[in-house]
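**Student:** You'll find run-v5.cif just under this line, and it carries mmCIF, N, CA and C atoms.
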data_upload
loop_
_atom_site.label_atom_id
_atom_site.label_comp_id
_atom_site.auth_asym_id
_atom_site.auth_seq_id
_atom_site.Cartn_x
_atom_site.Cartn_y
_atom_site.Cartn_z
N MET R 1 89.32 100.79 62.13
CA MET R 1 89.71 99.60 62.86
C MET R 1 89.08 98.39 62.17
N ALA R 2 89.73 97.25 62.31
CA ALA R 2 89.22 96.00 61.74
C ALA R 2 87.90 95.64 62.40
N THR R 3 87.06 94.91 61.70
CA THR R 3 85.76 94.57 62.27
C THR R 3 85.57 93.08 62.47
N GLU R 4 86.47 92.27 61.99
CA GLU R 4 86.34 90.84 62.18
C GLU R 4 87.72 90.21 62.34
N LYS R 5 87.74 89.00 62.86
CA LYS R 5 89.01 88.31 63.03
C LYS R 5 89.60 87.98 61.66
N THR R 6 90.89 88.22 61.53
CA THR R 6 91.60 87.88 60.31
C THR R 6 92.72 86.93 60.66
N GLY R 7 93.40 86.43 59.67
CA GLY R 7 94.54 85.55 59.88
C GLY R 7 95.80 86.30 60.24
N LEU R 8 95.75 87.65 60.26
CA LEU R 8 96.96 88.42 60.53
C LEU R 8 97.50 88.20 61.93
N VAL R 9 96.64 88.19 62.93
CA VAL R 9 97.12 88.05 64.31
C VAL R 9 97.74 86.67 64.54
N PRO R 10 97.06 85.57 64.20
CA PRO R 10 97.72 84.27 64.36
C PRO R 10 99.03 84.18 63.58
N ASP R 11 99.08 84.80 62.41
CA ASP R 11 100.29 84.78 61.60
C ASP R 11 101.46 85.45 62.31
N VAL R 12 101.19 86.52 63.05
CA VAL R 12 102.24 87.22 63.82
C VAL R 12 102.86 86.28 64.84
N PHE R 13 102.06 85.41 65.41
CA PHE R 13 102.58 84.46 66.40
C PHE R 13 103.29 83.30 65.72
N GLU R 14 102.78 82.84 64.60
CA GLU R 14 103.40 81.71 63.89
C GLU R 14 104.75 82.09 63.29
N ARG R 15 104.88 83.33 62.80
CA ARG R 15 106.11 83.76 62.13
C ARG R 15 107.22 84.17 63.08
N ALA R 16 106.91 84.40 64.35
CA ALA R 16 107.90 84.91 65.31
C ALA R 16 108.61 83.74 65.99
N ALA R 17 109.76 83.37 65.48
CA ALA R 17 110.50 82.22 66.01
C ALA R 17 110.83 82.40 67.49
N PHE R 18 111.24 83.59 67.90
CA PHE R 18 111.59 83.83 69.30
C PHE R 18 110.38 83.61 70.20
N VAL R 19 109.23 84.08 69.78
CA VAL R 19 108.00 83.93 70.57
C VAL R 19 107.63 82.45 70.69
N ARG R 20 107.82 81.69 69.62
CA ARG R 20 107.58 80.24 69.69
C ARG R 20 108.57 79.60 70.66
N THR R 21 109.83 80.02 70.62
CA THR R 21 110.84 79.49 71.54
C THR R 21 110.47 79.78 72.99
N MET R 22 109.87 80.94 73.23
CA MET R 22 109.45 81.32 74.58
C MET R 22 108.17 80.62 75.01
N ALA R 23 107.51 79.92 74.08
CA ALA R 23 106.27 79.18 74.35
C ALA R 23 105.10 80.10 74.69
N ILE R 24 105.09 81.30 74.09
CA ILE R 24 103.96 82.21 74.25
C ILE R 24 102.85 81.76 73.32
N GLU R 25 101.65 81.62 73.87
CA GLU R 25 100.51 81.13 73.09
C GLU R 25 99.45 82.20 72.92
N LEU R 26 98.94 82.31 71.72
CA LEU R 26 97.80 83.19 71.45
C LEU R 26 96.56 82.52 72.01
N VAL R 27 95.86 83.21 72.91
CA VAL R 27 94.66 82.67 73.54
C VAL R 27 93.43 83.11 72.76
N ASP R 28 93.33 84.42 72.49
CA ASP R 28 92.17 84.96 71.77
C ASP R 28 92.50 86.38 71.35
N TYR R 29 91.73 86.91 70.43
CA TYR R 29 91.91 88.30 70.01
C TYR R 29 90.63 88.76 69.33
N GLY R 30 90.53 90.06 69.21
CA GLY R 30 89.39 90.67 68.54
C GLY R 30 89.79 92.06 68.08
N ASP R 31 88.83 92.84 67.74
CA ASP R 31 89.06 94.18 67.21
C ASP R 31 89.66 95.07 68.30
N GLY R 32 90.98 95.26 68.26
CA GLY R 32 91.65 96.15 69.19
C GLY R 32 92.14 95.50 70.47
N TRP R 33 92.15 94.18 70.55
CA TRP R 33 92.65 93.53 71.76
C TRP R 33 93.25 92.17 71.43
N CYS R 34 94.08 91.68 72.36
CA CYS R 34 94.74 90.39 72.19
C CYS R 34 95.05 89.82 73.58
N GLU R 35 94.90 88.50 73.71
CA GLU R 35 95.23 87.81 74.96
C GLU R 35 96.18 86.66 74.67
N THR R 36 97.16 86.49 75.56
CA THR R 36 98.14 85.41 75.43
C THR R 36 98.38 84.76 76.79
N SER R 37 99.07 83.63 76.77
CA SER R 37 99.50 83.00 78.01
C SER R 37 100.85 82.33 77.76
N GLN R 38 101.54 82.04 78.85
CA GLN R 38 102.85 81.43 78.76
C GLN R 38 103.16 80.68 80.05
N ARG R 39 103.48 79.42 79.92
CA ARG R 39 103.95 78.65 81.07
C ARG R 39 105.37 79.11 81.36
N VAL R 40 105.65 79.40 82.64
CA VAL R 40 106.98 79.84 83.04
C VAL R 40 107.84 78.59 83.26
N LEU R 41 108.78 78.38 82.36
CA LEU R 41 109.66 77.22 82.41
C LEU R 41 110.89 77.52 83.26
N PRO R 42 111.62 76.51 83.70
CA PRO R 42 112.81 76.76 84.53
C PRO R 42 113.79 77.75 83.88
N GLY R 43 113.96 77.68 82.58
CA GLY R 43 114.88 78.60 81.89
C GLY R 43 114.37 80.02 81.77
N HIS R 44 113.13 80.27 82.15
CA HIS R 44 112.54 81.61 82.12
C HIS R 44 112.70 82.35 83.45
N ARG R 45 113.26 81.67 84.44
CA ARG R 45 113.30 82.25 85.78
C ARG R 45 114.65 82.93 86.04
N GLN R 46 114.60 83.98 86.88
CA GLN R 46 115.83 84.66 87.27
C GLN R 46 116.34 84.05 88.57
N GLN R 47 117.36 84.65 89.15
CA GLN R 47 118.07 84.05 90.28
C GLN R 47 117.23 83.88 91.54
N HIS R 48 116.10 84.60 91.66
CA HIS R 48 115.24 84.47 92.84
C HIS R 48 114.07 83.52 92.59
N GLY R 49 114.00 82.97 91.37
CA GLY R 49 112.94 82.02 91.05
C GLY R 49 111.71 82.63 90.39
N PHE R 50 111.68 83.96 90.22
CA PHE R 50 110.56 84.62 89.56
C PHE R 50 110.75 84.59 88.05
N ALA R 51 109.66 84.78 87.30
CA ALA R 51 109.81 84.95 85.85
C ALA R 51 110.72 86.15 85.61
N HIS R 52 111.69 86.00 84.75
CA HIS R 52 112.65 87.06 84.45
C HIS R 52 111.93 88.26 83.84
N ALA R 53 112.42 89.46 84.13
CA ALA R 53 111.83 90.68 83.58
C ALA R 53 111.76 90.64 82.06
N GLY R 54 112.76 90.07 81.42
CA GLY R 54 112.76 89.96 79.96
C GLY R 54 111.64 89.07 79.46
N VAL R 55 111.29 88.05 80.21
CA VAL R 55 110.17 87.17 79.85
C VAL R 55 108.85 87.93 79.97
N VAL R 56 108.70 88.66 81.08
CA VAL R 56 107.47 89.44 81.29
C VAL R 56 107.34 90.50 80.20
N MET R 57 108.45 91.18 79.88
CA MET R 57 108.41 92.22 78.85
C MET R 57 108.12 91.62 77.47
N THR R 58 108.63 90.43 77.21
CA THR R 58 108.41 89.81 75.91
C THR R 58 106.95 89.44 75.70
N ILE R 59 106.31 88.84 76.70
CA ILE R 59 104.89 88.50 76.52
C ILE R 59 104.06 89.78 76.38
N ALA R 60 104.40 90.82 77.14
CA ALA R 60 103.67 92.09 77.03
C ALA R 60 103.86 92.70 75.65
N ASP R 61 105.10 92.74 75.18
CA ASP R 61 105.41 93.34 73.88
C ASP R 61 104.69 92.62 72.74
N HIS R 62 104.77 91.31 72.73
CA HIS R 62 104.17 90.58 71.61
C HIS R 62 102.64 90.61 71.67
N THR R 63 102.09 90.66 72.87
CA THR R 63 100.64 90.77 73.00
C THR R 63 100.18 92.15 72.52
N CYS R 64 100.95 93.18 72.82
CA CYS R 64 100.65 94.51 72.28
C CYS R 64 100.71 94.49 70.75
N GLY R 65 101.69 93.80 70.21
CA GLY R 65 101.78 93.66 68.76
C GLY R 65 100.58 92.96 68.17
N GLY R 66 100.08 91.94 68.86
CA GLY R 66 98.88 91.25 68.40
C GLY R 66 97.67 92.16 68.40
N ALA R 67 97.51 92.95 69.46
CA ALA R 67 96.39 93.89 69.52
C ALA R 67 96.48 94.93 68.41
N ALA R 68 97.68 95.47 68.19
CA ALA R 68 97.87 96.46 67.14
C ALA R 68 97.61 95.85 65.75
N THR R 69 98.06 94.63 65.56
CA THR R 69 97.84 93.95 64.28
C THR R 69 96.36 93.77 63.98
N SER R 70 95.55 93.65 65.02
CA SER R 70 94.12 93.42 64.82
C SER R 70 93.40 94.63 64.23
N VAL R 71 94.07 95.78 64.19
CA VAL R 71 93.41 96.98 63.68
C VAL R 71 94.02 97.52 62.39
N VAL R 72 95.00 96.81 61.81
CA VAL R 72 95.59 97.29 60.57
C VAL R 72 95.01 96.54 59.37
N ARG R 73 95.22 97.11 58.19
CA ARG R 73 94.76 96.48 56.95
C ARG R 73 95.60 95.23 56.64
N ASN R 74 95.10 94.41 55.76
CA ASN R 74 95.80 93.16 55.39
C ASN R 74 97.16 93.40 54.74
N ASP R 75 97.39 94.59 54.17
CA ASP R 75 98.67 94.87 53.52
C ASP R 75 99.63 95.60 54.47
N GLN R 76 99.27 95.68 55.76
CA GLN R 76 100.10 96.37 56.74
C GLN R 76 100.55 95.42 57.84
N ASP R 77 101.57 95.86 58.54
CA ASP R 77 102.10 95.13 59.70
C ASP R 77 102.47 96.17 60.74
N VAL R 78 102.97 95.74 61.88
CA VAL R 78 103.37 96.68 62.94
C VAL R 78 104.72 96.26 63.49
N ILE R 79 105.41 97.24 64.05
CA ILE R 79 106.68 96.98 64.72
C ILE R 79 106.80 97.93 65.91
N THR R 80 107.29 97.42 67.02
CA THR R 80 107.42 98.23 68.23
C THR R 80 108.49 99.29 68.04
N VAL R 81 108.15 100.55 68.42
CA VAL R 81 109.13 101.63 68.39
C VAL R 81 109.43 102.15 69.80
N GLU R 82 108.54 101.88 70.74
CA GLU R 82 108.78 102.28 72.12
C GLU R 82 107.97 101.37 73.03
N ASN R 83 108.56 101.06 74.18
CA ASN R 83 107.91 100.15 75.11
C ASN R 83 108.34 100.52 76.52
N LYS R 84 107.38 100.65 77.44
CA LYS R 84 107.71 100.91 78.84
C LYS R 84 106.94 99.92 79.69
N THR R 85 107.67 99.18 80.50
CA THR R 85 107.04 98.22 81.39
C THR R 85 107.33 98.60 82.83
N SER R 86 106.28 98.64 83.63
CA SER R 86 106.41 98.87 85.07
C SER R 86 106.10 97.56 85.78
N PHE R 87 107.04 97.13 86.62
CA PHE R 87 106.87 95.89 87.36
C PHE R 87 106.25 96.22 88.71
N LEU R 88 105.06 95.70 88.95
CA LEU R 88 104.31 96.02 90.16
C LEU R 88 104.59 95.06 91.30
N ARG R 89 104.96 93.85 90.94
CA ARG R 89 105.37 92.84 91.94
C ARG R 89 106.08 91.72 91.19
N PRO R 90 106.84 90.90 91.90
CA PRO R 90 107.52 89.79 91.23
C PRO R 90 106.52 88.84 90.57
N ALA R 91 106.88 88.35 89.42
CA ALA R 91 106.04 87.38 88.70
C ALA R 91 106.34 86.00 89.25
N ALA R 92 105.86 85.77 90.47
CA ALA R 92 106.09 84.51 91.17
C ALA R 92 104.90 83.60 90.92
N GLY R 93 105.05 82.69 90.00
CA GLY R 93 103.99 81.76 89.66
C GLY R 93 104.40 80.95 88.45
N ASP R 94 103.51 80.08 88.01
CA ASP R 94 103.85 79.16 86.93
C ASP R 94 103.31 79.53 85.56
N VAL R 95 102.33 80.44 85.50
CA VAL R 95 101.74 80.82 84.21
C VAL R 95 101.55 82.33 84.17
N LEU R 96 102.00 82.94 83.07
CA LEU R 96 101.76 84.36 82.83
C LEU R 96 100.59 84.49 81.86
N HIS R 97 99.82 85.55 82.04
CA HIS R 97 98.74 85.89 81.13
C HIS R 97 98.90 87.36 80.77
N ALA R 98 98.65 87.70 79.53
CA ALA R 98 98.72 89.10 79.12
C ALA R 98 97.48 89.45 78.32
N ARG R 99 96.99 90.66 78.52
CA ARG R 99 95.89 91.20 77.73
C ARG R 99 96.30 92.62 77.32
N ALA R 100 96.26 92.87 76.02
CA ALA R 100 96.61 94.17 75.48
C ALA R 100 95.40 94.78 74.79
N THR R 101 95.28 96.11 74.93
CA THR R 101 94.16 96.84 74.34
C THR R 101 94.68 98.07 73.62
N VAL R 102 94.20 98.27 72.41
CA VAL R 102 94.57 99.46 71.63
C VAL R 102 93.88 100.67 72.24
N LEU R 103 94.67 101.70 72.53
CA LEU R 103 94.13 102.96 73.04
C LEU R 103 93.79 103.92 71.91
N ARG R 104 94.67 103.96 70.90
CA ARG R 104 94.46 104.81 69.74
C ARG R 104 95.23 104.25 68.56
N ALA R 105 94.53 104.14 67.44
CA ALA R 105 95.16 103.67 66.21
C ALA R 105 95.15 104.80 65.19
N GLY R 106 96.33 105.35 64.92
CA GLY R 106 96.46 106.38 63.90
C GLY R 106 96.92 105.75 62.60
N LYS R 107 97.21 106.58 61.62
CA LYS R 107 97.66 106.08 60.31
C LYS R 107 99.06 105.49 60.38
N SER R 108 99.92 106.07 61.22
CA SER R 108 101.30 105.60 61.26
C SER R 108 101.74 105.05 62.62
N LEU R 109 101.02 105.41 63.70
CA LEU R 109 101.37 104.92 65.03
C LEU R 109 100.13 104.38 65.74
N ILE R 110 100.34 103.32 66.52
CA ILE R 110 99.27 102.71 67.30
C ILE R 110 99.74 102.66 68.75
N PHE R 111 98.89 103.13 69.67
CA PHE R 111 99.20 103.16 71.09
C PHE R 111 98.42 102.06 71.79
N VAL R 112 99.14 101.23 72.57
CA VAL R 112 98.55 100.04 73.18
C VAL R 112 98.99 99.97 74.64
N GLU R 113 98.11 99.45 75.50
CA GLU R 113 98.46 99.14 76.88
C GLU R 113 98.24 97.65 77.13
N ALA R 114 99.07 97.09 78.00
CA ALA R 114 98.92 95.67 78.36
C ALA R 114 99.07 95.49 79.86
N GLU R 115 98.40 94.48 80.36
CA GLU R 115 98.59 94.02 81.73
C GLU R 115 99.07 92.59 81.69
N VAL R 116 100.05 92.29 82.53
CA VAL R 116 100.55 90.92 82.66
C VAL R 116 100.21 90.46 84.07
N THR R 117 99.50 89.35 84.14
CA THR R 117 99.16 88.75 85.43
C THR R 117 99.87 87.41 85.55
N VAL R 118 100.02 86.97 86.78
CA VAL R 118 100.65 85.68 87.04
C VAL R 118 99.69 84.86 87.89
N GLU R 119 99.59 83.57 87.56
CA GLU R 119 98.75 82.68 88.35
C GLU R 119 99.46 82.34 89.65
N ARG R 120 98.72 82.54 90.75
CA ARG R 120 99.19 82.16 92.08
C ARG R 120 98.06 81.36 92.71
N GLY R 121 98.19 80.07 92.64
CA GLY R 121 97.11 79.21 93.13
C GLY R 121 95.89 79.38 92.26
N ASP R 122 94.76 79.75 92.87
CA ASP R 122 93.51 79.92 92.14
C ASP R 122 93.26 81.35 91.68
N GLU R 123 94.22 82.24 91.87
CA GLU R 123 94.00 83.63 91.49
C GLU R 123 95.05 84.12 90.51
N ARG R 124 94.72 85.23 89.85
CA ARG R 124 95.68 85.91 88.99
C ARG R 124 96.00 87.25 89.63
N VAL R 125 97.30 87.52 89.75
CA VAL R 125 97.77 88.73 90.40
C VAL R 125 98.47 89.61 89.35
N LEU R 126 98.16 90.91 89.36
CA LEU R 126 98.78 91.84 88.43
C LEU R 126 100.26 91.97 88.74
N ALA R 127 101.10 91.65 87.76
CA ALA R 127 102.55 91.70 87.95
C ALA R 127 103.18 92.89 87.24
N ALA R 128 102.62 93.30 86.07
CA ALA R 128 103.25 94.37 85.30
C ALA R 128 102.23 95.05 84.39
N LYS R 129 102.52 96.30 84.08
CA LYS R 129 101.75 97.06 83.10
C LYS R 129 102.73 97.60 82.06
N THR R 130 102.30 97.57 80.81
CA THR R 130 103.15 98.03 79.72
C THR R 130 102.38 99.02 78.86
N SER R 131 103.07 100.06 78.45
CA SER R 131 102.53 100.94 77.40
C SER R 131 103.48 100.83 76.22
N SER R 132 102.89 100.73 75.04
CA SER R 132 103.68 100.47 73.86
C SER R 132 103.22 101.33 72.69
N THR R 133 104.18 101.79 71.91
CA THR R 133 103.89 102.50 70.68
C THR R 133 104.43 101.64 69.54
N LEU R 134 103.57 101.40 68.56
CA LEU R 134 103.97 100.57 67.42
C LEU R 134 103.78 101.37 66.14
N ALA R 135 104.73 101.22 65.22
CA ALA R 135 104.63 101.87 63.92
C ALA R 135 103.93 100.94 62.94
N VAL R 136 103.13 101.53 62.08
CA VAL R 136 102.47 100.78 61.01
C VAL R 136 103.44 100.76 59.83
N ILE R 137 103.73 99.56 59.34
CA ILE R 137 104.69 99.39 58.24
C ILE R 137 104.04 98.52 57.16
N PRO R 138 104.61 98.56 55.93
CA PRO R 138 104.08 97.65 54.89
C PRO R 138 104.31 96.20 55.28
N ARG R 139 103.38 95.35 54.93
CA ARG R 139 103.48 93.92 55.21
C ARG R 139 104.47 93.29 54.25
N ALA R 140 105.40 92.50 54.80
CA ALA R 140 106.38 91.80 53.95
C ALA R 140 105.67 90.77 53.09
N ARG R 141 106.12 90.63 51.91
CA ARG R 141 105.48 89.67 50.99
C ARG R 141 106.18 88.35 51.01
#
Taking this structure as input, can you express it in the form of structure tokens?

**Tutor:**
Amino acid sequence: MATEKTGLVPDVFERAAFVRTMAIELVDYGDGWCETSQRVLPGHRQQHGFAHAGVVMTIADHTCGGAATSVVRNDQDVITVENKTSFLRPAAGDVLHARATVLRAGKSLIFVEAEVTVERGDERVLAAKTSSTLAVIPRAR
């Protein structure tokens, strides 16, 4: 596993045009973990006014990717091969937060879990849990 912060994790967020469009922000990361946040904009909401499931899944997925990236070599990258999100309650609030943690990093697959919380007033409420499997691939030049 990596032992210090590298430019790889921020680069994953800078290079992902869709993630920038979604306004997902990298908050912090370290060896085997990543944290992000996202303001829920009007276009991110579904018909009942909650953050859309696709929005919740996207922040979870990309945060898992950030955590996985934190444990690969500089010549490697990661890509999601499987993702399961369980929605525990509606994401009714204005800001989403995600924290992902690497459970196991193998040579070719990395297993990560994430929690997505939503701000409701002065508290954060757990809205979803994600488990993700990411493949280790060569880094594009």

**Student:** I would like the residues chosen by the PyMOL selection byres (((chain R and resi 66-82 and name CA) around 10) and name CA) on the shown file; could you give them as a tab-separated table (two decimals) with N, CA and C atoms, in the frame of the given file?

**Tutor:**
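Contents of the output file selection.tsv:
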chain	number	residue	atom	x	y	z
R	1	MET	N	89.32	100.79	62.13
R	1	MET	CA	89.71	99.60	62.86
R	1	MET	C	89.08	98.39	62.17
R	2	ALA	N	89.73	97.25	62.31
R	2	ALA	CA	89.22	96.00	61.74
R	2	ALA	C	87.90	95.64	62.40
R	3	THR	N	87.06	94.91	61.70
R	3	THR	CA	85.76	94.57	62.27
R	3	THR	C	85.57	93.08	62.47
R	4	GLU	N	86.47	92.27	61.99
R	4	GLU	CA	86.34	90.84	62.18
R	4	GLU	C	87.72	90.21	62.34
R	5	LYS	N	87.74	89.00	62.86
R	5	LYS	CA	89.01	88.31	63.03
R	5	LYS	C	89.60	87.98	61.66
R	6	THR	N	90.89	88.22	61.53
R	6	THR	CA	91.60	87.88	60.31
R	6	THR	C	92.72	86.93	60.66
R	7	GLY	N	93.40	86.43	59.67
R	7	GLY	CA	94.54	85.55	59.88
R	7	GLY	C	95.80	86.30	60.24
R	8	LEU	N	95.75	87.65	60.26
R	8	LEU	CA	96.96	88.42	60.53
R	8	LEU	C	97.50	88.20	61.93
R	9	VAL	N	96.64	88.19	62.93
R	9	VAL	CA	97.12	88.05	64.31
R	9	VAL	C	97.74	86.67	64.54
R	10	PRO	N	97.06	85.57	64.20
R	10	PRO	CA	97.72	84.27	64.36
R	10	PRO	C	99.03	84.18	63.58
R	11	ASP	N	99.08	84.80	62.41
R	11	ASP	CA	100.29	84.78	61.60
R	11	ASP	C	101.46	85.45	62.31
R	12	VAL	N	101.19	86.52	63.05
R	12	VAL	CA	102.24	87.22	63.82
R	12	VAL	C	102.86	86.28	64.84
R	13	PHE	N	102.06	85.41	65.41
R	13	PHE	CA	102.58	84.46	66.40
R	13	PHE	C	103.29	83.30	65.72
R	26	LEU	N	98.94	82.31	71.72
R	26	LEU	CA	97.80	83.19	71.45
R	26	LEU	C	96.56	82.52	72.01
R	28	ASP	N	93.33	84.42	72.49
R	28	ASP	CA	92.17	84.96	71.77
R	28	ASP	C	92.50	86.38	71.35
R	29	TYR	N	91.73	86.91	70.43
R	29	TYR	CA	91.91	88.30	70.01
R	29	TYR	C	90.63	88.76	69.33
R	30	GLY	N	90.53	90.06	69.21
R	30	GLY	CA	89.39	90.67	68.54
R	30	GLY	C	89.79	92.06	68.08
R	31	ASP	N	88.83	92.84	67.74
R	31	ASP	CA	89.06	94.18	67.21
R	31	ASP	C	89.66	95.07	68.30
R	32	GLY	N	90.98	95.26	68.26
R	32	GLY	CA	91.65	96.15	69.19
R	32	GLY	C	92.14	95.50	70.47
R	33	TRP	N	92.15	94.18	70.55
R	33	TRP	CA	92.65	93.53	71.76
R	33	TRP	C	93.25	92.17	71.43
R	34	CYS	N	94.08	91.68	72.36
R	34	CYS	CA	94.74	90.39	72.19
R	34	CYS	C	95.05	89.82	73.58
R	35	GLU	N	94.90	88.50	73.71
R	35	GLU	CA	95.23	87.81	74.96
R	35	GLU	C	96.18	86.66	74.67
R	36	THR	N	97.16	86.49	75.56
R	36	THR	CA	98.14	85.41	75.43
R	36	THR	C	98.38	84.76	76.79
R	60	ALA	N	104.40	90.82	77.14
R	60	ALA	CA	103.67	92.09	77.03
R	60	ALA	C	103.86	92.70	75.65
R	61	ASP	N	105.10	92.74	75.18
R	61	ASP	CA	105.41	93.34	73.88
R	61	ASP	C	104.69	92.62	72.74
R	62	HIS	N	104.77	91.31	72.73
R	62	HIS	CA	104.17	90.58	71.61
R	62	HIS	C	102.64	90.61	71.67
R	63	THR	N	102.09	90.66	72.87
R	63	THR	CA	100.64	90.77	73.00
R	63	THR	C	100.18	92.15	72.52
R	64	CYS	N	100.95	93.18	72.82
R	64	CYS	CA	100.65	94.51	72.28
R	64	CYS	C	100.71	94.49	70.75
R	65	GLY	N	101.69	93.80	70.21
R	65	GLY	CA	101.78	93.66	68.76
R	65	GLY	C	100.58	92.96	68.17
R	83	ASN	N	108.56	101.06	74.18
R	83	ASN	CA	107.91	100.15	75.11
R	83	ASN	C	108.34	100.52	76.52
R	84	LYS	N	107.38	100.65	77.44
R	84	LYS	CA	107.71	100.91	78.84
R	84	LYS	C	106.94	99.92	79.69
R	99	ARG	N	96.99	90.66	78.52
R	99	ARG	CA	95.89	91.20	77.73
R	99	ARG	C	96.30	92.62	77.32
R	100	ALA	N	96.26	92.87	76.02
R	100	ALA	CA	96.61	94.17	75.48
R	100	ALA	C	95.40	94.78	74.79
R	101	THR	N	95.28	96.11	74.93
R	101	THR	CA	94.16	96.84	74.34
R	101	THR	C	94.68	98.07	73.62
R	102	VAL	N	94.20	98.27	72.41
R	102	VAL	CA	94.57	99.46	71.63
R	102	VAL	C	93.88	100.67	72.24
R	103	LEU	N	94.67	101.70	72.53
R	103	LEU	CA	94.13	102.96	73.04
R	103	LEU	C	93.79	103.92	71.91
R	104	ARG	N	94.67	103.96	70.90
R	104	ARG	CA	94.46	104.81	69.74
R	104	ARG	C	95.23	104.25	68.56
R	105	ALA	N	94.53	104.14	67.44
R	105	ALA	CA	95.16	103.67	66.21
R	105	ALA	C	95.15	104.80	65.19
R	106	GLY	N	96.33	105.35	64.92
R	106	GLY	CA	96.46	106.38	63.90
R	106	GLY	C	96.92	105.75	62.60
R	107	LYS	N	97.21	106.58	61.62
R	107	LYS	CA	97.66	106.08	60.31
R	107	LYS	C	99.06	105.49	60.38
R	108	SER	N	99.92	106.07	61.22
R	108	SER	CA	101.30	105.60	61.26
R	108	SER	C	101.74	105.05	62.62
R	109	LEU	N	101.02	105.41	63.70
R	109	LEU	CA	101.37	104.92	65.03
R	109	LEU	C	100.13	104.38	65.74
R	110	ILE	N	100.34	103.32	66.52
R	110	ILE	CA	99.27	102.71	67.30
R	110	ILE	C	99.74	102.66	68.75
R	111	PHE	N	98.89	103.13	69.67
R	111	PHE	CA	99.20	103.16	71.09
R	111	PHE	C	98.42	102.06	71.79
R	112	VAL	N	99.14	101.23	72.57
R	112	VAL	CA	98.55	100.04	73.18
R	112	VAL	C	98.99	99.97	74.64
R	113	GLU	N	98.11	99.45	75.50
R	113	GLU	CA	98.46	99.14	76.88
R	113	GLU	C	98.24	97.65	77.13
R	114	ALA	N	99.07	97.09	78.00
R	114	ALA	CA	98.92	95.67	78.36
R	114	ALA	C	99.07	95.49	79.86
R	131	SER	N	103.07	100.06	78.45
R	131	SER	CA	102.53	100.94	77.40
R	131	SER	C	103.48	100.83	76.22
R	132	SER	N	102.89	100.73	75.04
R	132	SER	CA	103.68	100.47	73.86
R	132	SER	C	103.22	101.33	72.69
R	133	THR	N	104.18	101.79	71.91
R	133	THR	CA	103.89	102.50	70.68
R	133	THR	C	104.43	101.64	69.54
R	134	LEU	N	103.57	101.40	68.56
R	134	LEU	CA	103.97	100.57	67.42
R	134	LEU	C	103.78	101.37	66.14
R	135	ALA	N	104.73	101.22	65.22
R	135	ALA	CA	104.63	101.87	63.92
R	135	ALA	C	103.93	100.94	62.94
R	136	VAL	N	103.13	101.53	62.08
R	136	VAL	CA	102.47	100.78	61.01
R	136	VAL	C	103.44	100.76	59.83
R	137	ILE	N	103.73	99.56	59.34
R	137	ILE	CA	104.69	99.39	58.24
R	137	ILE	C	104.04	98.52	57.16
R	138	PRO	N	104.61	98.56	55.93
R	138	PRO	CA	104.08	97.65	54.89
R	138	PRO	C	104.31	96.20	55.28
R	139	ARG	N	103.38	95.35	54.93
R	139	ARG	CA	103.48	93.92	55.21
R	139	ARG	C	104.47	93.29	54.25
R	140	ALA	N	105.40	92.50	54.80
R	140	ALA	CA	106.38	91.80	53.95
R	140	ALA	C	105.67	90.77	53.09
R	141	ARG	N	106.12	90.63	51.91
R	141	ARG	CA	105.48	89.67	50.99
R	141	ARG	C	106.18	88.35	51.01

**Student:** Assuming the chain letters and numbering stay as they are in my file, what does the PyMOL selection byres ((chain R and resi 126) around 6) actually select? List them as a PyMOL selection string.

**Tutor:** chain R and resi 88-89+116-118+124-125+127-128

**Student:** Select from chain R everything DSSP, run on the backbone, classes as alpha helix (DSSP H), then give the selection as a VMD selection string.

**Tutor:** chain R and resid 8 to 15 17 to 21 53 to 69

**Student:** Report, in Å with one decimal, the straight-line distance from atom CA of R:Ala91 to atom C of R:His48.

**Tutor:**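 Computing the Euclidean distance for atom CA of R:Ala91 and atom C of R:His48 yields 9.7 Å.
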
**Student:** Could you tell me how far atom N of R:Thr130 sits from atom CA of R:Val95, in Å to one decimal place?

**Tutor:**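 Computing the Euclidean distance for atom CA of R:Val95 and atom N of R:Thr130 yields 17.1 Å.
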
**Student:** What is the atom CA of R:Ala98-atom C of R:Met57 distance in Å, reported with one decimal?

**Tutor:**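 A separation of 9.9 Å between them.
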
**Student:** Going by DSSP on the backbone, which residues of stretch 6-41 of chain R come out as strand (DSSP E or B)? List them as a PyMOL selection string.

**Tutor:** chain R and resi 24-30+33-39
